[in-house]
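Here is the file model-v3.tsv (TSV, C-alpha atoms and all ligand atoms).
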chain	number	residue	atom	x	y	z
K	1355	MET	CA	-2.05	175.56	44.60
K	1356	SER	CA	-1.20	177.68	41.57
K	1357	GLY	CA	2.31	177.79	40.11
K	1358	ALA	CA	2.68	181.41	41.19
K	1359	MET	CA	2.09	180.52	44.85
K	1360	ALA	CA	4.83	177.86	44.96
K	1361	ASP	CA	7.02	180.41	43.16
K	1362	ASN	CA	9.68	178.02	41.85
K	1363	VAL	CA	11.56	178.84	38.66
K	1364	ILE	CA	11.92	175.72	36.53
K	1365	LEU	CA	14.32	175.51	33.60
K	1366	VAL	CA	13.55	173.12	30.74
K	1367	GLY	CA	15.18	172.54	27.37
K	1368	PHE	CA	17.16	170.14	25.23
K	1369	MET	CA	20.50	168.66	26.33
K	1370	GLY	CA	23.23	171.26	26.00
K	1371	ALA	CA	20.92	174.23	26.59
K	1372	GLY	CA	22.86	175.19	29.74
K	1373	LYS	CA	20.09	174.50	32.27
K	1374	SER	CA	22.52	173.58	35.07
K	1375	SER	CA	25.02	176.41	34.60
K	1376	VAL	CA	22.31	179.00	34.02
K	1377	GLY	CA	20.29	177.65	36.95
K	1378	ARG	CA	23.22	177.95	39.33
K	1379	ILE	CA	23.91	181.55	38.29
K	1380	LEU	CA	20.23	182.48	38.37
K	1381	ALA	CA	19.79	181.02	41.86
K	1382	ARG	CA	22.73	183.06	43.15
K	1383	ARG	CA	21.38	186.17	41.46
K	1384	LEU	CA	17.91	185.74	42.94
K	1385	GLY	CA	19.15	184.50	46.35
K	1386	ARG	CA	17.36	181.18	45.93
K	1387	CYS	CA	18.28	177.52	46.44
K	1388	PHE	CA	19.28	175.53	43.37
K	1389	VAL	CA	18.04	172.00	42.69
K	1390	GLU	CA	18.74	169.63	39.79
K	1391	THR	CA	16.41	166.74	38.95
K	1392	ASP	CA	19.31	164.64	37.61
K	1393	GLU	CA	21.14	165.11	40.93
K	1394	MET	CA	18.04	164.08	42.88
K	1395	ILE	CA	17.84	160.88	40.83
K	1396	THR	CA	21.57	160.15	41.13
K	1397	ALA	CA	21.45	160.67	44.90
K	1398	ALA	CA	18.34	158.50	45.35
K	1399	GLU	CA	19.66	155.67	43.18
K	1400	GLY	CA	23.27	155.88	44.35
K	1401	ARG	CA	24.69	155.61	40.83
K	1402	PRO	CA	25.23	157.81	37.80
K	1403	ILE	CA	22.55	158.32	35.16
K	1404	PRO	CA	24.36	156.47	32.34
K	1405	GLU	CA	24.43	153.40	34.59
K	1406	ILE	CA	20.70	153.69	35.34
K	1407	PHE	CA	19.98	153.83	31.60
K	1408	ALA	CA	22.33	150.92	30.85
K	1409	GLU	CA	20.93	148.65	33.55
K	1410	LYS	CA	17.25	149.55	33.70
K	1411	GLY	CA	16.50	151.42	30.46
K	1412	GLU	CA	14.78	154.68	29.59
K	1413	ALA	CA	11.29	153.73	30.83
K	1414	HIS	CA	12.67	153.15	34.32
K	1415	PHE	CA	14.50	156.48	34.23
K	1416	ARG	CA	11.26	158.28	33.25
K	1417	ALA	CA	9.48	156.59	36.18
K	1418	LEU	CA	12.20	157.99	38.46
K	1419	GLU	CA	11.56	161.41	36.92
K	1420	ASP	CA	7.84	161.02	37.69
K	1421	GLU	CA	8.74	160.42	41.34
K	1422	VAL	CA	11.05	163.47	41.34
K	1423	VAL	CA	8.26	165.65	39.94
K	1424	ARG	CA	6.04	164.51	42.82
K	1425	LEU	CA	8.77	165.48	45.31
K	1426	LEU	CA	9.24	168.87	43.63
K	1427	ALA	CA	5.71	169.78	44.70
K	1428	LEU	CA	7.20	170.32	48.19
K	1429	LYS	CA	9.59	173.02	46.94
K	1430	ARG	CA	8.99	176.72	47.49
K	1431	GLY	CA	10.92	179.47	45.74
K	1432	ASP	CA	13.71	177.27	44.35
K	1433	VAL	CA	15.44	177.40	40.98
K	1434	ILE	CA	15.09	173.92	39.47
K	1435	ALA	CA	17.04	172.59	36.47
K	1436	THR	CA	15.37	169.58	34.81
K	1437	GLY	CA	16.78	166.81	32.61
K	1438	GLY	CA	16.20	167.39	28.88
K	1439	GLY	CA	13.56	164.68	28.53
K	1440	LEU	CA	11.70	165.27	31.79
K	1441	PRO	CA	8.96	167.63	30.53
K	1442	CYS	CA	8.35	165.59	27.36
K	1443	GLY	CA	5.47	163.31	28.27
K	1444	GLY	CA	3.57	161.76	31.16
K	1445	GLY	CA	1.94	165.09	32.01
K	1446	ARG	CA	5.20	166.22	33.61
K	1447	LEU	CA	5.30	169.62	31.90
K	1448	GLU	CA	1.82	170.39	33.23
K	1449	ALA	CA	2.87	169.20	36.70
K	1450	LEU	CA	5.85	171.57	36.58
K	1451	ARG	CA	3.65	174.48	35.55
K	1452	ALA	CA	1.51	173.83	38.61
K	1453	ILE	CA	4.47	174.43	40.95
K	1454	GLY	CA	6.15	177.44	39.40
K	1455	THR	CA	7.14	179.39	36.31
K	1456	VAL	CA	8.55	177.13	33.61
K	1457	VAL	CA	11.25	178.72	31.43
K	1458	TRP	CA	12.40	177.12	28.17
K	1459	LEU	CA	16.07	177.71	27.37
K	1460	ALA	CA	15.72	177.53	23.59
K	1461	GLY	CA	18.46	177.43	20.97
K	1462	GLU	CA	19.53	176.17	17.56
K	1463	PHE	CA	19.85	172.40	17.33
K	1464	ALA	CA	23.44	172.46	15.95
K	1465	THR	CA	24.76	174.49	18.91
K	1466	LEU	CA	22.89	172.47	21.53
K	1467	TYR	CA	24.01	169.20	19.95
K	1468	GLU	CA	27.66	170.23	19.83
K	1469	ARG	CA	27.56	171.34	23.47
K	1470	ALA	CA	25.76	168.18	24.56
K	1471	LEU	CA	28.32	165.95	22.83
K	1472	SER	CA	31.27	167.72	24.44
K	1473	GLY	CA	29.75	167.85	27.93
K	1474	GLY	CA	29.91	164.35	29.40
K	1475	GLU	CA	28.01	161.16	28.67
K	1476	ARG	CA	24.44	161.55	27.42
K	1477	PRO	CA	22.69	158.18	27.15
K	1478	MET	CA	19.93	159.64	24.95
K	1479	LEU	CA	22.50	160.55	22.28
K	1480	ARG	CA	24.35	157.24	22.43
K	1481	GLY	CA	24.24	155.35	19.12
K	1482	LYS	CA	22.17	158.11	17.46
K	1483	THR	CA	23.17	159.78	14.21
K	1484	PRO	CA	23.01	163.60	14.16
K	1485	GLU	CA	19.81	163.25	12.11
K	1486	GLN	CA	18.22	160.99	14.73
K	1487	ALA	CA	19.28	163.40	17.49
K	1488	GLU	CA	17.70	166.26	15.54
K	1489	ALA	CA	14.49	164.25	15.11
K	1490	LEU	CA	14.39	163.82	18.91
K	1491	TYR	CA	14.87	167.58	19.32
K	1492	GLU	CA	12.03	168.30	16.87
K	1493	TRP	CA	9.78	165.79	18.63
K	1494	ARG	CA	10.45	167.45	21.99
K	1495	LYS	CA	10.00	171.07	20.87
K	1496	PRO	CA	6.19	171.10	21.19
K	1497	PHE	CA	6.55	170.12	24.85
K	1498	TYR	CA	9.17	172.78	25.60
K	1499	SER	CA	7.08	175.39	23.83
K	1500	LYS	CA	4.32	174.93	26.41
K	1501	ALA	CA	6.60	176.63	28.98
K	1502	ASP	CA	5.40	179.91	30.51
K	1503	LEU	CA	8.42	181.80	29.15
K	1504	SER	CA	11.04	181.12	26.52
K	1505	VAL	CA	14.52	182.63	26.33
K	1506	ASP	CA	16.65	182.34	23.18
K	1507	THR	CA	20.17	181.34	24.24
K	1508	THR	CA	21.73	181.71	20.77
K	1509	GLY	CA	25.14	183.41	20.98
K	1510	LEU	CA	24.84	184.07	24.73
K	1511	ASN	CA	26.98	182.80	27.60
K	1512	PRO	CA	25.37	181.41	30.81
K	1513	ASP	CA	25.69	184.77	32.64
K	1514	GLN	CA	23.90	186.54	29.82
K	1515	VAL	CA	21.20	183.88	29.64
K	1516	ALA	CA	20.66	184.09	33.42
K	1517	ALA	CA	20.30	187.89	33.09
K	1518	ARG	CA	17.68	187.43	30.34
K	1519	VAL	CA	15.76	184.91	32.40
K	1520	ALA	CA	15.81	187.24	35.43
K	1521	ALA	CA	14.54	190.11	33.23
K	1522	ALA	CA	11.79	187.94	31.73
K	1523	LEU	CA	10.68	186.85	35.20
K	1524	SER	CA	10.54	190.46	36.46
K	1525	ALA	CA	8.56	191.55	33.40
K	1526	ARG	CA	6.10	188.72	33.99
K	1527	GLN	CA	5.76	189.64	37.66
K	1528	ARG	CA	5.10	193.30	36.75
K	1529	GLN	CA	2.39	192.21	34.31
K	1530	ALA	CA	0.74	190.11	37.02
K	1531	VAL	CA	0.23	193.04	39.45
A	1601	LIG	C1	18.17	163.35	29.18
A	1601	LIG	C2	18.91	164.46	29.52
A	1601	LIG	C3	19.89	164.45	30.62
A	1601	LIG	C4	19.51	163.40	31.66
A	1601	LIG	C5	19.32	162.07	31.00
A	1601	LIG	C6	18.22	162.08	29.95
A	1601	LIG	C7	17.23	163.45	28.04
A	1601	LIG	O1	19.93	165.73	31.23
A	1601	LIG	O2	18.34	163.75	32.34
A	1601	LIG	O3	20.56	161.69	30.45
A	1601	LIG	O4	16.36	162.58	27.89
A	1601	LIG	O5	17.34	164.43	27.27
A	1601	LIG	P1	20.56	167.05	30.49
A	1601	LIG	O6	19.45	167.68	29.70
A	1601	LIG	O7	21.02	167.90	31.61
A	1601	LIG	O8	21.67	166.55	29.62
Take the structure in this file and express it as structure tokens.
Amino acid sequence: MSGAMADNVILVGFMGAGKSSVGRILARRLGRCFVETDEMITAAEGRPIPEIFAEKGEAHFRALEDEVVRLLALKRGDVIATGGGLPCGGGRLEALRAIGTVVWLAGEFATLYERALSGGERPMLRGKTPEQAEALYEWRKPFYSKADLSVDTTGLNPDQVAARVAAALSARQRQAV
């Protein structure tokens, strides 16, 4: 099945990009269901993500993300917010593109980093210097940039970003007919 047929909208991007808040607003706007991969993992494992990282490590968490991506293939027409590292390896970005339109919420590293640090525990930033966190961001960018669409979030609030994503999706749909 092509991504267009499954018709999901999948948000990717670095920690702090606003995938969850934007996703929730976008889903309401489009009258769609909202799903978060981190929530799916937390629900399946029965414990919070920092605990999964602490007890089983990153490789185990990525294997759980692989399983989630397989389950996402059953979704139709949902708005899906992904964890920041999910599309970055293991063919997961390509798998997401096969089940919908992938949208990269892009932004400047400094802003994303600041937001990520102030917004709850992020195991991938734990013990990292700002320079190491920026190196991770740079390493991940080539994956994010393979998204179908990219929206620059710089200086915008979640409502404004959701409006831009909705506009970009409509423009893409118009081009396709
Ligand atoms: C991760 C990002 C987190 C969560 C996990 C790993 C990452 O999601 O999936 O802590 O590798 O960047 P957010 O992007 O919502 O913070």
* Best match for closeness to Arg1382 in chain K among K:Asp1513, K:Arg1416, K:Gly1474, K:Glu1462, counting only C-alpha atoms ->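 Among the listed residues, K:Asp1513 lies closest to Arg1382 in chain K.
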* **Given 8 Å and only C-alpha atoms and all ligand atoms, residues near ligand LIG 1601 (chain A) as an NGL selection string** => :K and (1367-1374 or 1391-1392 or 1403-1404 or 1407 or 1415 or 1435-1440 or 1470 or 1475-1478)
* Asked: So which residues touch Asp1506 in chain K within 9 Å, counting all atoms listed in the file, skipping near sequence neighbours fewer than 4 positions away, as a PyMOL selection string?
  -> chain K and resi 1458-1462+1510+1515+1518
* To do: Could you tell me how far CA of Leu1466 in chain K lies from CA of Leu1425 in chain K, in Å and to one decimal?
  => 28.5 Å
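With all atoms listed in the file as the atoms that count, the residue of K:Leu1450, K:Ala1501, K:Leu1490, K:Leu1384 with the shortest distance to Gly1431 in chain K is K:Leu1384.
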* **Residue nearest Glu1393 in chain K - candidates K:Val1366, K:Thr1465, K:Val1422, K:His1414, atoms counted: all atoms listed in the file** =>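 So, comparing all the options, the nearest one is K:Val1422.
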With all atoms of range 1483-1497 of chain K from the file as input, state the centre and edge lengths in Å to one decimal of the axis-aligned box that has 8 Å extra on each side, as JSON.
{"center_x": 14.7, "center_y": 165.4, "center_z": 18.5, "size_x": 33.0, "size_y": 27.3, "size_z": 28.7}
* Identify, on the basis of only C-alpha atoms, every residue whose closest approach to Asp1432 in chain K does not exceed 6 Å; exclude the query and any residue fewer than 5 positions from it along the same chain; express the result as JSON, numbers by chain. => {"K": [1362, 1386, 1387, 1388]}
Kindly export the residues of the current selection with C-alpha atoms, as a PDB file, keeping the file's coordinate frame.
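Full text of again-v7.pdb as output:
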ATOM      1  CA  ASN K1362       9.680 178.020  41.850  1.00  0.00           C
ATOM      2  CA  ARG K1386      17.360 181.180  45.930  1.00  0.00           C
ATOM      3  CA  CYS K1387      18.280 177.520  46.440  1.00  0.00           C
ATOM      4  CA  PHE K1388      19.280 175.530  43.370  1.00  0.00           C
TER       5      PHE K1388
END
* **Atomic separation - CA of Val1457 in chain K relative to CA of Ala1517 in chain K, Å** =>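 About the pair CA of Ala1517 in chain K and CA of Val1457 in chain K: they are 13.0 Å apart.
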* For CA of Glu1421 in chain K and CA of Ile1434 in chain K, the interatomic separation in Å (one decimal) -> 15.0 Å
* Counting all atoms listed in the file, the residue of K:Val1531, K:Leu1503, K:Leu1428, K:Leu1479 that sits nearest Ile1364 in chain K ->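 Ranked by minimum distance to Ile1364 in chain K, first place goes to K:Leu1503.
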* Non-local contacts of Gly1445 in chain K (12 Å; only C-alpha atoms; under 3 positions in same chain excluded) as a ChimeraX atom specification -> /K:1416,1419-1420,1423-1424,1440-1442,1448-1452,1497,1500
* To do: Could you tell me which of K:Val1505, K:Tyr1467, K:Ser1524, K:Ile1395 comes closest to Lys1482 in chain K if we count all atoms listed in the file?
  =>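 Using all atoms listed in the file, Lys1482 in chain K sits closest to K:Tyr1467.
Comparing K:Arg1528, K:Glu1390, K:Glu1412, K:Asp1502 by their smallest distance to Val1456 in chain K, the closest is K:Asp1502 (using only C-alpha atoms).
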Would you kindly place N, CA and C atoms on range 1402-1434 of chain K and return the model as an mmCIF file, keeping the file's coordinate frame?
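Wrote it out as out.cif, contents follow:
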data_model
loop_
_atom_site.group_PDB
_atom_site.id
_atom_site.type_symbol
_atom_site.label_atom_id
_atom_site.label_comp_id
_atom_site.auth_asym_id
_atom_site.auth_seq_id
_atom_site.Cartn_x
_atom_site.Cartn_y
_atom_site.Cartn_z
ATOM 1 N N PRO K 1402 25.386 156.781 38.836
ATOM 2 C CA PRO K 1402 25.230 157.810 37.800
ATOM 3 C C PRO K 1402 24.158 157.464 36.759
ATOM 4 N N ILE K 1403 23.652 158.490 36.113
ATOM 5 C CA ILE K 1403 22.550 158.320 35.160
ATOM 6 C C ILE K 1403 22.881 157.354 34.005
ATOM 7 N N PRO K 1404 24.069 157.425 33.414
ATOM 8 C CA PRO K 1404 24.360 156.470 32.340
ATOM 9 C C PRO K 1404 24.214 155.009 32.807
ATOM 10 N N GLU K 1405 24.559 154.758 34.060
ATOM 11 C CA GLU K 1405 24.430 153.400 34.590
ATOM 12 C C GLU K 1405 22.962 153.010 34.754
ATOM 13 N N ILE K 1406 22.141 153.965 35.185
ATOM 14 C CA ILE K 1406 20.700 153.690 35.340
ATOM 15 C C ILE K 1406 20.103 153.329 33.969
ATOM 16 N N PHE K 1407 20.474 154.110 32.954
ATOM 17 C CA PHE K 1407 19.980 153.830 31.600
ATOM 18 C C PHE K 1407 20.463 152.446 31.129
ATOM 19 N N ALA K 1408 21.751 152.169 31.354
ATOM 20 C CA ALA K 1408 22.330 150.920 30.850
ATOM 21 C C ALA K 1408 21.692 149.707 31.522
ATOM 22 N N GLU K 1409 21.432 149.821 32.827
ATOM 23 C CA GLU K 1409 20.930 148.650 33.550
ATOM 24 C C GLU K 1409 19.424 148.500 33.516
ATOM 25 N N LYS K 1410 18.717 149.648 33.563
ATOM 26 C CA LYS K 1410 17.250 149.550 33.700
ATOM 27 C C LYS K 1410 16.481 150.138 32.512
ATOM 28 N N GLY K 1411 17.169 150.895 31.658
ATOM 29 C CA GLY K 1411 16.500 151.420 30.460
ATOM 30 C C GLY K 1411 15.809 152.763 30.669
ATOM 31 N N GLU K 1412 15.366 153.329 29.546
ATOM 32 C CA GLU K 1412 14.780 154.680 29.590
ATOM 33 C C GLU K 1412 13.459 154.726 30.360
ATOM 34 N N ALA K 1413 12.621 153.691 30.181
ATOM 35 C CA ALA K 1413 11.290 153.730 30.830
ATOM 36 C C ALA K 1413 11.451 153.825 32.349
ATOM 37 N N HIS K 1414 12.429 153.098 32.873
ATOM 38 C CA HIS K 1414 12.670 153.150 34.320
ATOM 39 C C HIS K 1414 13.133 154.542 34.730
ATOM 40 N N PHE K 1415 14.020 155.136 33.921
ATOM 41 C CA PHE K 1415 14.500 156.480 34.230
ATOM 42 C C PHE K 1415 13.333 157.483 34.249
ATOM 43 N N ARG K 1416 12.421 157.353 33.290
ATOM 44 C CA ARG K 1416 11.260 158.280 33.250
ATOM 45 C C ARG K 1416 10.372 158.073 34.491
ATOM 46 N N ALA K 1417 10.277 156.841 34.964
ATOM 47 C CA ALA K 1417 9.480 156.590 36.180
ATOM 48 C C ALA K 1417 10.151 157.282 37.378
ATOM 49 N N LEU K 1418 11.490 157.283 37.388
ATOM 50 C CA LEU K 1418 12.200 157.990 38.460
ATOM 51 C C LEU K 1418 11.947 159.494 38.348
ATOM 52 N N GLU K 1419 11.870 159.987 37.108
ATOM 53 C CA GLU K 1419 11.560 161.410 36.920
ATOM 54 C C GLU K 1419 10.149 161.735 37.402
ATOM 55 N N ASP K 1420 9.210 160.810 37.194
ATOM 56 C CA ASP K 1420 7.840 161.020 37.690
ATOM 57 C C ASP K 1420 7.858 161.209 39.205
ATOM 58 N N GLU K 1421 8.642 160.367 39.879
ATOM 59 C CA GLU K 1421 8.740 160.420 41.340
ATOM 60 C C GLU K 1421 9.355 161.765 41.764
ATOM 61 N N VAL K 1422 10.397 162.190 41.034
ATOM 62 C CA VAL K 1422 11.050 163.470 41.340
ATOM 63 C C VAL K 1422 10.050 164.628 41.193
ATOM 64 N N VAL K 1423 9.241 164.585 40.152
ATOM 65 C CA VAL K 1423 8.260 165.650 39.940
ATOM 66 C C VAL K 1423 7.286 165.701 41.124
ATOM 67 N N ARG K 1424 6.917 164.527 41.639
ATOM 68 C CA ARG K 1424 6.040 164.510 42.820
ATOM 69 C C ARG K 1424 6.727 165.171 44.014
ATOM 70 N N LEU K 1425 8.025 164.884 44.183
ATOM 71 C CA LEU K 1425 8.770 165.480 45.310
ATOM 72 C C LEU K 1425 8.933 166.992 45.140
ATOM 73 N N LEU K 1426 9.041 167.434 43.881
ATOM 74 C CA LEU K 1426 9.240 168.870 43.630
ATOM 75 C C LEU K 1426 8.050 169.697 44.114
ATOM 76 N N ALA K 1427 6.908 169.055 44.246
ATOM 77 C CA ALA K 1427 5.710 169.780 44.700
ATOM 78 C C ALA K 1427 5.911 170.331 46.111
ATOM 79 N N LEU K 1428 6.931 169.819 46.827
ATOM 80 C CA LEU K 1428 7.200 170.320 48.190
ATOM 81 C C LEU K 1428 8.079 171.567 48.168
ATOM 82 N N LYS K 1429 8.641 171.897 47.025
ATOM 83 C CA LYS K 1429 9.590 173.020 46.940
ATOM 84 C C LYS K 1429 8.865 174.358 46.905
ATOM 85 N N ARG K 1430 9.525 175.349 47.510
ATOM 86 C CA ARG K 1430 8.990 176.720 47.490
ATOM 87 C C ARG K 1430 10.114 177.690 47.145
ATOM 88 N N GLY K 1431 9.968 178.408 46.065
ATOM 89 C CA GLY K 1431 10.920 179.470 45.740
ATOM 90 C C GLY K 1431 12.270 179.013 45.230
ATOM 91 N N ASP K 1432 12.411 177.755 44.834
ATOM 92 C CA ASP K 1432 13.710 177.270 44.350
ATOM 93 C C ASP K 1432 13.873 177.505 42.849
ATOM 94 N N VAL K 1433 15.140 177.470 42.414
ATOM 95 C CA VAL K 1433 15.440 177.400 40.980
ATOM 96 C C VAL K 1433 15.728 175.927 40.696
ATOM 97 N N ILE K 1434 15.010 175.367 39.722
ATOM 98 C CA ILE K 1434 15.090 173.920 39.470
ATOM 99 C C ILE K 1434 15.504 173.677 38.014
#
